[in-house]
file coords_25.cif (mmCIF, C-alpha atoms (C1' of nucleotides))
data_run
loop_
_atom_site.label_atom_id
_atom_site.label_comp_id
_atom_site.auth_asym_id
_atom_site.auth_seq_id
_atom_site.Cartn_x
_atom_site.Cartn_y
_atom_site.Cartn_z
CA MET A 1 6.60 23.55 14.15
CA ILE A 2 4.05 22.57 16.73
CA ASP A 3 5.38 22.89 20.26
CA VAL A 4 4.66 19.54 21.87
CA PRO A 5 5.96 18.31 25.22
CA TYR A 6 9.13 16.27 25.13
CA ASP A 7 8.28 12.63 24.42
CA GLU A 8 9.86 10.18 26.87
CA ARG A 9 10.23 7.57 24.15
CA ILE A 10 12.79 9.65 22.24
CA PRO A 11 16.04 8.27 23.76
CA GLY A 12 14.94 4.67 23.23
CA PHE A 13 13.76 5.50 19.73
CA VAL A 14 17.08 7.07 18.77
CA THR A 15 19.07 4.16 20.18
CA LEU A 16 16.91 1.64 18.33
CA VAL A 17 17.04 3.49 15.00
CA LEU A 18 20.83 3.79 15.19
CA LYS A 19 21.15 0.07 15.89
CA GLN A 20 18.69 -0.95 13.14
CA GLY A 21 20.32 1.47 10.74
CA GLU A 22 23.65 -0.20 11.32
CA SER A 23 22.17 -3.67 10.75
CA HIS A 24 20.51 -2.65 7.51
CA TYR A 25 23.14 -0.22 6.24
CA ARG A 26 23.12 0.27 2.44
CA ASP A 27 26.29 1.33 0.72
CA PHE A 28 25.43 3.77 -2.08
CA PRO A 29 28.00 5.69 -4.16
CA TRP A 30 26.47 9.03 -3.16
CA ARG A 31 27.29 8.14 0.42
CA HIS A 32 30.98 8.33 -0.50
CA THR A 33 30.94 11.98 -1.55
CA ARG A 34 30.38 15.25 0.25
CA ASP A 35 30.28 17.22 -2.99
CA PRO A 36 27.09 19.26 -2.47
CA TYR A 37 26.19 19.11 -6.17
CA ALA A 38 26.62 15.32 -6.36
CA VAL A 39 24.52 14.95 -3.21
CA LEU A 40 21.87 17.29 -4.60
CA VAL A 41 21.64 15.28 -7.83
CA SER A 42 21.14 12.07 -5.84
CA GLU A 43 18.44 13.72 -3.71
CA ILE A 44 16.55 15.07 -6.74
CA MET A 45 16.79 11.74 -8.60
CA LEU A 46 15.64 9.82 -5.53
CA GLN A 47 12.63 12.09 -5.00
CA GLN A 48 10.25 9.90 -6.96
CA THR A 49 12.39 7.06 -8.11
CA GLN A 50 13.63 3.74 -6.72
CA VAL A 51 17.28 3.43 -5.75
CA ALA A 52 17.99 0.64 -8.27
CA ARG A 53 16.92 2.82 -11.16
CA VAL A 54 18.77 5.89 -9.91
CA LEU A 55 22.17 4.18 -9.50
CA PRO A 56 23.29 4.07 -13.17
CA TYR A 57 21.75 7.46 -13.94
CA TRP A 58 23.57 9.15 -11.07
CA GLU A 59 26.95 7.72 -12.14
CA ARG A 60 26.42 8.73 -15.76
CA TRP A 61 25.08 12.19 -14.88
CA LEU A 62 28.16 13.15 -12.92
CA LEU A 63 30.39 12.07 -15.81
CA ASP A 64 28.33 14.11 -18.29
CA PHE A 65 27.70 17.11 -16.01
CA PRO A 66 30.38 17.04 -13.29
CA THR A 67 29.61 20.46 -11.78
CA LEU A 68 26.84 23.01 -11.47
CA ASP A 69 28.66 25.18 -14.01
CA ALA A 70 28.92 22.29 -16.47
CA LEU A 71 25.21 21.65 -16.06
CA ALA A 72 24.39 25.33 -16.53
CA ALA A 73 26.41 25.37 -19.76
CA ALA A 74 24.94 22.13 -21.15
CA PRO A 75 22.09 22.22 -23.69
CA LEU A 76 18.72 21.25 -22.23
CA GLU A 77 18.53 18.62 -24.95
CA ALA A 78 21.56 16.76 -23.53
CA ILE A 79 20.14 17.09 -20.02
CA LEU A 80 16.74 15.68 -20.97
CA ARG A 81 18.41 12.82 -22.85
CA ALA A 82 20.45 11.95 -19.78
CA TRP A 83 17.21 11.97 -17.75
CA GLN A 84 15.23 9.74 -20.16
CA GLY A 85 13.72 6.79 -18.29
CA LEU A 86 13.95 8.27 -14.80
CA GLY A 87 10.45 9.74 -14.91
CA TYR A 88 9.06 13.11 -13.83
CA ASN A 89 11.09 14.98 -16.45
CA ARG A 90 10.28 18.32 -14.84
CA ARG A 91 12.96 17.51 -12.29
CA ALA A 92 15.59 17.72 -15.05
CA VAL A 93 14.30 21.12 -16.20
CA ALA A 94 14.32 22.37 -12.61
CA LEU A 95 17.87 21.09 -12.08
CA LYS A 96 19.03 22.94 -15.20
CA ARG A 97 17.35 26.17 -14.01
CA LEU A 98 18.86 25.77 -10.58
CA ALA A 99 22.33 25.39 -12.11
CA GLU A 100 21.80 28.47 -14.28
CA LEU A 101 20.68 30.53 -11.28
CA LEU A 102 23.71 29.54 -9.20
CA SER A 103 26.29 29.82 -11.97
CA GLN A 104 25.48 33.50 -12.54
CA GLN A 105 28.18 34.53 -10.09
CA PRO A 106 30.06 37.82 -10.38
CA ASP A 107 33.63 37.52 -11.72
CA GLY A 108 32.76 34.12 -13.16
CA ARG A 109 33.35 32.42 -9.81
CA PRO A 110 32.31 28.77 -9.59
CA ALA A 111 28.69 28.19 -8.62
CA VAL A 112 28.13 27.31 -4.97
CA LEU A 113 25.15 25.42 -3.60
CA PRO A 114 23.79 27.19 -0.50
CA ASP A 115 23.86 25.39 2.83
CA ASP A 116 20.98 27.07 4.61
CA ASP A 117 17.44 25.79 4.54
CA ALA A 118 15.70 28.91 3.21
CA ALA A 119 18.15 29.47 0.36
CA LEU A 120 18.01 25.81 -0.66
CA ARG A 121 14.23 25.74 -0.64
CA ALA A 122 14.07 28.87 -2.77
CA LEU A 123 15.72 26.89 -5.58
CA PRO A 124 13.54 25.23 -8.23
CA GLY A 125 12.77 21.59 -7.50
CA VAL A 126 14.06 21.78 -3.93
CA GLY A 127 11.49 21.30 -1.17
CA PRO A 128 11.77 20.54 2.54
CA SER A 129 13.05 16.97 2.19
CA THR A 130 15.69 17.67 -0.45
CA ALA A 131 16.95 20.70 1.47
CA ALA A 132 17.22 18.63 4.64
CA GLY A 133 19.00 15.82 2.79
CA VAL A 134 21.57 18.18 1.26
CA ARG A 135 22.20 19.86 4.61
CA ALA A 136 22.82 16.56 6.39
CA PHE A 137 24.67 14.58 3.71
CA ALA A 138 26.71 17.34 2.04
CA TYR A 139 27.24 19.84 4.82
CA GLY A 140 26.98 17.64 7.92
CA GLN A 141 24.42 19.97 9.45
CA PRO A 142 21.56 18.80 11.66
CA SER A 143 18.28 18.61 9.78
CA VAL A 144 14.82 17.14 10.04
CA TYR A 145 14.63 14.98 6.98
CA LEU A 146 11.08 13.69 6.59
CA GLU A 147 10.61 11.55 3.50
CA THR A 148 8.90 8.23 2.87
CA ASN A 149 11.43 5.90 4.52
CA VAL A 150 11.70 8.15 7.55
CA ARG A 151 7.92 8.37 7.71
CA ALA A 152 7.82 4.57 7.79
CA VAL A 153 10.17 4.47 10.78
CA VAL A 154 8.35 7.10 12.82
CA LEU A 155 4.93 5.61 12.06
CA HIS A 156 6.12 2.09 12.89
CA GLU A 157 7.89 2.98 16.12
CA LEU A 158 5.94 5.92 17.52
CA PHE A 159 2.48 5.74 15.91
CA ALA A 160 1.96 1.97 15.83
CA ASP A 161 -1.81 2.09 16.34
CA SER A 162 -2.66 5.31 14.54
CA THR A 163 -4.02 5.89 11.08
CA GLU A 164 -4.28 9.04 8.98
CA VAL A 165 -1.24 10.52 10.74
CA SER A 166 -0.28 13.92 9.38
CA ASP A 167 3.28 15.17 9.03
CA ARG A 168 2.45 17.89 11.54
CA GLU A 169 2.23 15.15 14.16
CA LEU A 170 5.38 13.37 13.00
CA LEU A 171 7.62 16.41 12.64
CA PRO A 172 7.89 17.47 16.30
CA LEU A 173 8.88 13.95 17.36
CA LEU A 174 11.38 13.64 14.52
CA ALA A 175 12.80 17.04 15.48
CA GLN A 176 13.17 15.92 19.11
CA ALA A 177 14.89 12.73 17.96
CA ALA A 178 17.25 14.65 15.65
CA GLU A 179 18.12 17.00 18.47
CA PHE A 180 18.73 14.11 20.86
CA SER A 181 20.99 12.33 18.37
CA VAL A 182 23.06 15.47 17.83
CA ALA A 183 23.32 16.01 21.60
CA SER A 184 24.53 12.40 21.87
CA GLY A 185 27.39 13.19 19.49
CA VAL A 186 25.95 11.35 16.49
CA GLU A 187 26.79 12.92 13.13
CA PRO A 188 23.68 14.16 11.26
CA HIS A 189 24.48 12.05 8.20
CA VAL A 190 24.79 8.92 10.37
CA TRP A 191 21.45 9.62 12.01
CA ASN A 192 19.68 10.24 8.71
CA CYS A 193 21.25 7.21 7.02
CA ALA A 194 20.01 5.10 9.91
CA LEU A 195 16.47 6.44 9.45
CA LEU A 196 16.54 5.79 5.70
CA ASP A 197 18.01 2.30 5.94
CA TYR A 198 15.76 1.14 8.75
CA GLY A 199 12.76 2.62 6.91
CA ALA A 200 13.69 0.84 3.68
CA PHE A 201 13.98 -2.39 5.65
CA LEU A 202 10.57 -1.90 7.29
CA LYS A 203 8.93 -1.26 3.93
CA SER A 204 10.45 -4.41 2.46
CA SER A 205 9.47 -6.64 5.35
CA ARG A 206 5.83 -5.68 5.96
CA PRO A 207 3.02 -3.59 4.44
CA ASN A 208 4.37 -0.08 3.95
CA PRO A 209 3.82 1.78 7.24
CA SER A 210 3.64 5.03 5.25
CA ARG A 211 0.19 3.99 4.12
CA ARG A 212 -0.96 5.17 7.54
CA SER A 213 0.22 8.67 6.70
CA ALA A 214 -2.56 11.17 6.06
CA HIS A 215 -0.61 12.21 2.98
CA HIS A 216 -0.50 8.79 1.39
CA THR A 217 -2.21 8.79 -2.00
CA ARG A 218 -2.69 6.20 -4.68
CA GLN A 219 -1.49 6.95 -8.17
CA THR A 220 -3.98 6.99 -11.03
CA ARG A 221 -3.27 4.44 -13.76
CA PHE A 222 -0.42 5.28 -16.15
CA GLU A 223 -1.67 3.48 -19.25
CA GLY A 224 -3.60 5.95 -21.40
CA SER A 225 -2.85 8.83 -19.02
CA LYS A 226 -1.81 12.38 -19.84
CA ARG A 227 1.49 11.62 -18.10
CA GLN A 228 2.16 8.85 -20.60
CA LYS A 229 1.28 11.10 -23.54
CA ARG A 230 3.57 13.87 -22.31
CA ALA A 231 6.38 11.37 -21.92
CA ARG A 232 5.83 10.06 -25.47
CA LEU A 233 5.84 13.55 -26.93
CA LEU A 234 9.02 14.52 -25.13
CA ARG A 235 10.66 11.30 -26.28
CA LEU A 236 9.62 12.05 -29.85
CA VAL A 237 10.98 15.59 -29.74
CA LEU A 238 14.29 14.22 -28.43
CA GLU A 239 14.41 11.63 -31.23
CA VAL A 240 13.92 13.92 -34.21
CA PRO A 241 15.13 17.53 -34.51
CA PHE A 242 11.79 18.98 -35.54
CA VAL A 243 8.26 17.67 -34.94
CA SER A 244 5.13 18.94 -36.62
CA SER A 245 1.84 18.93 -34.72
CA GLU A 246 0.59 16.27 -37.16
CA GLU A 247 3.54 13.99 -36.39
CA ALA A 248 2.94 14.55 -32.70
CA ALA A 249 -0.73 13.62 -33.14
CA ARG A 250 0.27 10.43 -34.98
CA GLU A 251 2.57 9.53 -32.09
CA LEU A 252 -0.39 9.71 -29.72
CA GLY A 253 -2.78 8.04 -32.14
CA GLY A 254 -5.01 11.02 -31.42
CA ASP A 255 -6.10 14.33 -32.84
CA VAL A 256 -3.95 17.35 -33.66
CA GLU A 257 -5.86 19.51 -31.17
CA GLU A 258 -4.79 17.28 -28.29
CA ALA A 259 -1.17 17.17 -29.47
CA ILE A 260 -1.03 20.97 -29.71
CA GLN A 261 -2.59 21.32 -26.28
CA LEU A 262 -0.04 18.96 -24.68
CA LEU A 263 2.93 20.45 -26.53
CA GLY A 264 1.76 23.91 -25.48
CA GLU A 265 1.85 22.79 -21.85
CA LEU A 266 5.31 21.31 -22.35
CA GLN A 267 6.37 24.64 -23.82
CA ALA A 268 5.00 26.58 -20.84
CA GLU A 269 7.04 24.31 -18.55
CA GLY A 270 10.22 24.95 -20.53
CA PHE A 271 10.62 21.60 -22.31
CA VAL A 272 10.00 22.64 -25.92
CA VAL A 273 9.63 25.68 -28.15
CA THR A 274 7.65 26.24 -31.34
CA ASP A 275 8.19 28.41 -34.38
CA GLY A 276 4.54 28.14 -35.40
CA THR A 277 5.08 25.27 -37.83
CA GLY A 278 6.55 22.70 -35.47
CA TRP A 279 8.28 21.90 -32.21
CA ARG A 280 11.80 21.26 -30.96
CA VAL A 281 13.59 20.90 -27.64
CA ASN A 282 13.97 24.21 -25.86
"C1'" DA B 1 -3.14 -7.22 -16.78
"C1'" DT B 2 -3.45 -4.49 -12.71
"C1'" DC B 3 -1.38 -2.51 -8.60
"C1'" DC B 4 2.15 -0.01 -6.11
"C1'" DT B 5 5.64 3.48 -5.17
"C1'" DG B 6 6.90 9.13 -4.21
"C1'" DG B 7 8.64 15.08 -3.33
"C1'" DT B 8 7.50 19.44 -5.39
"C1'" DC B 9 4.64 22.68 -7.47
"C1'" DT B 10 0.27 24.82 -8.71
"C1'" DA C 1 -6.17 18.49 -3.42
"C1'" DG C 2 -4.24 16.75 -7.52
"C1'" DA C 3 -0.84 16.42 -11.28
"C1'" DC C 4 3.55 14.67 -12.72
"C1'" DC C 5 6.66 9.42 -14.93
"C1'" DA C 6 8.13 4.74 -15.17
"C1'" DG C 7 9.39 0.22 -13.90
"C1'" DG C 8 9.02 -3.52 -10.59
"C1'" DA C 9 5.76 -6.48 -7.98
"C1'" DT C 10 1.83 -9.28 -7.81
#
call {"tool": "encode", "arguments": {"input": "coords_25.cif", "output": "structure tokens"}}
result
Amino acid sequence: MIDVPYDERIPGFVTLVLKQGESHYRDFPWRHTRDPYAVLVSEIMLQQTQVARVLPYWERWLLDFPTLDALAAAPLEAILRAWQGLGYNRRAVALKRLAELLSQQPDGRPAVLPDDDAALRALPGVGPSTAAGVRAFAYGQPSVYLETNVRAVVLHELFADSTEVSDRELLPLLAQAAEFSVASGVEPHVWNCALLDYGAFLKSSRPNPSRRSAHHTRQTRFEGSKRQKRARLLRLVLEVPFVSSEEAARELGGDVEEAIQLLGELQAEGFVVTDGTGWRVN
DNA sequence: ATCCTGGTCT
DNA sequence: AGACCAGGAT
């Protein structure tokens, strides 16, 4: 972290965010649990996906796979089916791997999600934001949780006239604010909820302030993309038990070479396996 | 019909 | 720096 001088605006910023967070508070089911696994699942699902779409998936997921050990024991096929429609299917594969890693406890003890930043970030699919979210919302530990809604708040309040702002500039101020809120006796989950809820409000009421982040990028079109083709192939493999390369090619309306190439990539990422004559879910 | 959104990994 | 998914907004 860059060592920058203490910013005099921090106390006012924290007070304002807490007040705005209260005004725009959103009541999500994952805010009513401290189960680290349930919190982790919400964080992973929310990584790239809107809240409205995550809600039913999160509820269903915890019924189907109530614990890390249940997830570790479940077939990947069931896991990928439960993920269908959420997007970025690699997250489901990573979650399965994570569960398998943690459930390999001696004496068959229940799997435990770590609570420290380094151990969390060493897990597949867990980066800085997800680790910070789990630490605050499951374990009540102070964390610097920089994701898109939080970025919107910091950019709007502390970088109003700047463009191309990098996270390296935002992080020290967010860290100072987090520290101030803790010192003021505010629970880490209350502070981070306030950031998220105020950020979501800002994004809904004006052009997304996160566009002024240096890291903001525009997505390439989905129609006709490789992403779309991968999604179609995975869907096909989940629909029928065994898919030949020719069937896969027909699904894409393309050539067999392309289908084999894409399925090979899906295999390398752990989605599917082949026996040489066709493909099935790993 | 085209545009817009996003955290992690390579 | 660029790839990964999908649905809602415009």
call {"tool": "resolve_selection", "arguments": {"input": "coords_25.cif", "expression": "the PyMOL selection byres ((chain A) within 10 of (chain B))", "output": "list in words"}}
result
Glu43, Ile44, Leu46, Gln47, Gln48, Thr49, Gln50, Arg90, Arg91, Pro124, Gly125, Val126, Gly127, Pro128, Ser129, Thr130, Glu147, Thr148, Asn208, His216, Thr217, Arg218, Gln219 and Arg221 of chain A
call {"tool": "resolve_selection", "arguments": {"input": "coords_25.cif", "expression": "the PyMOL selection byres ((chain A) within 8 of (chain C))", "output": "ChimeraX atom specification"}}
result
/A:85-90,227-228,231
call {"tool": "resolve_selection", "arguments": {"input": "coords_25.cif", "expression": "the PyMOL selection byres ((chain A and resi 21) around 8)", "output": "PyMOL selection string"}}
result
chain A and resi 17-20+22-25+193-198
call {"tool": "atom_distance", "arguments": {"input": "coords_25.cif", "atom1": "atom CA of Ala92 of chain A", "atom2": "atom CA of Asn282 of chain A"}}
result
12.7 Å
call {"tool": "residues_around", "arguments": {"input": "coords_25.cif", "residues": "Gly133 of chain A", "least_positions_apart": "3", "cutoff": "10 Å", "atoms": "all atoms listed in the file", "output": "list in words"}}
result
Val39, Leu40, Ser42, Glu43, Ile44, Pro128, Ser129, Thr130, Ala136, Phe137, Ala138, Tyr139, Gly140, Gln141, Pro142, Ser143, Val144, Tyr145, Leu146, Glu147, Pro188, His189, Asn192 and Cys193 of chain A
call {"tool": "atom_distance", "arguments": {"input": "coords_25.cif", "atom1": "atom CA of Glu187 of chain A", "atom2": "atom CA of Val154 of chain A"}}
result
19.3 Å
call {"tool": "atom_distance", "arguments": {"input": "coords_25.cif", "atom1": "atom CA of Leu202 of chain A", "atom2": "atom CA of Arg53 of chain A"}}
result
20.1 Å
call {"tool": "residues_around", "arguments": {"input": "coords_25.cif", "residues": "segment 67-69 of chain A", "least_positions_apart": "6", "cutoff": "7 Å", "atoms": "only C-alpha atoms (C1' of nucleotides)", "output": "mmCIF file with C-alpha atoms, in the coordinates of the input"}}
result
data_model
loop_
_atom_site.group_PDB
_atom_site.id
_atom_site.type_symbol
_atom_site.label_atom_id
_atom_site.label_comp_id
_atom_site.auth_asym_id
_atom_site.auth_seq_id
_atom_site.Cartn_x
_atom_site.Cartn_y
_atom_site.Cartn_z
ATOM 1 C CA TYR A 37 26.190 19.110 -6.170
ATOM 2 C CA ALA A 99 22.330 25.390 -12.110
ATOM 3 C CA SER A 103 26.290 29.820 -11.970
ATOM 4 C CA PRO A 110 32.310 28.770 -9.590
ATOM 5 C CA ALA A 111 28.690 28.190 -8.620
#
call {"tool": "build_atoms", "arguments": {"input": "coords_25.cif", "residues": "segment 189-211 of chain A", "atoms": "N, CA and C atoms", "output": "compact mmCIF listing (two decimals), in the frame of the given file"}}
result
# COMPACT_ATOMS: atom_id res chain seq x y z
N HIS A 189 24.62 12.97 9.34
CA HIS A 189 24.48 12.05 8.20
C HIS A 189 24.33 10.61 8.69
N VAL A 190 24.94 10.28 9.82
CA VAL A 190 24.79 8.92 10.37
C VAL A 190 23.36 8.71 10.85
N TRP A 191 22.82 9.70 11.52
CA TRP A 191 21.45 9.62 12.01
C TRP A 191 20.46 9.47 10.85
N ASN A 192 20.62 10.29 9.82
CA ASN A 192 19.68 10.24 8.71
C ASN A 192 19.83 8.98 7.86
N CYS A 193 21.06 8.50 7.70
CA CYS A 193 21.25 7.21 7.02
C CYS A 193 20.54 6.09 7.78
N ALA A 194 20.65 6.14 9.08
CA ALA A 194 20.01 5.10 9.91
C ALA A 194 18.50 5.12 9.70
N LEU A 195 17.91 6.32 9.69
CA LEU A 195 16.47 6.44 9.45
C LEU A 195 16.09 5.87 8.09
N LEU A 196 16.86 6.25 7.06
CA LEU A 196 16.54 5.79 5.70
C LEU A 196 16.67 4.28 5.58
N ASP A 197 17.74 3.73 6.13
CA ASP A 197 18.01 2.30 5.94
C ASP A 197 17.04 1.44 6.76
N TYR A 198 16.74 1.87 7.97
CA TYR A 198 15.76 1.14 8.75
C TYR A 198 14.38 1.25 8.09
N GLY A 199 14.05 2.42 7.59
CA GLY A 199 12.76 2.62 6.91
C GLY A 199 12.63 1.74 5.68
N ALA A 200 13.71 1.68 4.89
CA ALA A 200 13.69 0.84 3.68
C ALA A 200 13.49 -0.62 4.07
N PHE A 201 14.15 -1.02 5.17
CA PHE A 201 13.98 -2.39 5.65
C PHE A 201 12.53 -2.65 6.08
N LEU A 202 11.96 -1.73 6.83
CA LEU A 202 10.57 -1.90 7.29
C LEU A 202 9.61 -2.05 6.10
N LYS A 203 9.83 -1.23 5.08
CA LYS A 203 8.93 -1.26 3.93
C LYS A 203 9.05 -2.56 3.14
N SER A 204 10.25 -3.17 3.22
CA SER A 204 10.45 -4.41 2.46
C SER A 204 9.99 -5.64 3.24
N SER A 205 9.75 -5.47 4.53
CA SER A 205 9.47 -6.64 5.35
C SER A 205 8.04 -6.70 5.88
N ARG A 206 7.23 -5.72 5.49
CA ARG A 206 5.83 -5.68 5.96
C ARG A 206 5.09 -4.68 5.08
N PRO A 207 3.75 -4.62 5.20
CA PRO A 207 3.02 -3.59 4.44
C PRO A 207 3.58 -2.21 4.78
N ASN A 208 3.75 -1.39 3.78
CA ASN A 208 4.37 -0.08 3.95
C ASN A 208 3.69 0.74 5.06
N PRO A 209 4.42 1.00 6.14
CA PRO A 209 3.82 1.78 7.24
C PRO A 209 3.39 3.18 6.79
N SER A 210 3.99 3.69 5.72
CA SER A 210 3.64 5.03 5.25
C SER A 210 2.21 5.12 4.75
N ARG A 211 1.61 3.97 4.53
CA ARG A 211 0.19 3.99 4.12
C ARG A 211 -0.69 4.59 5.21
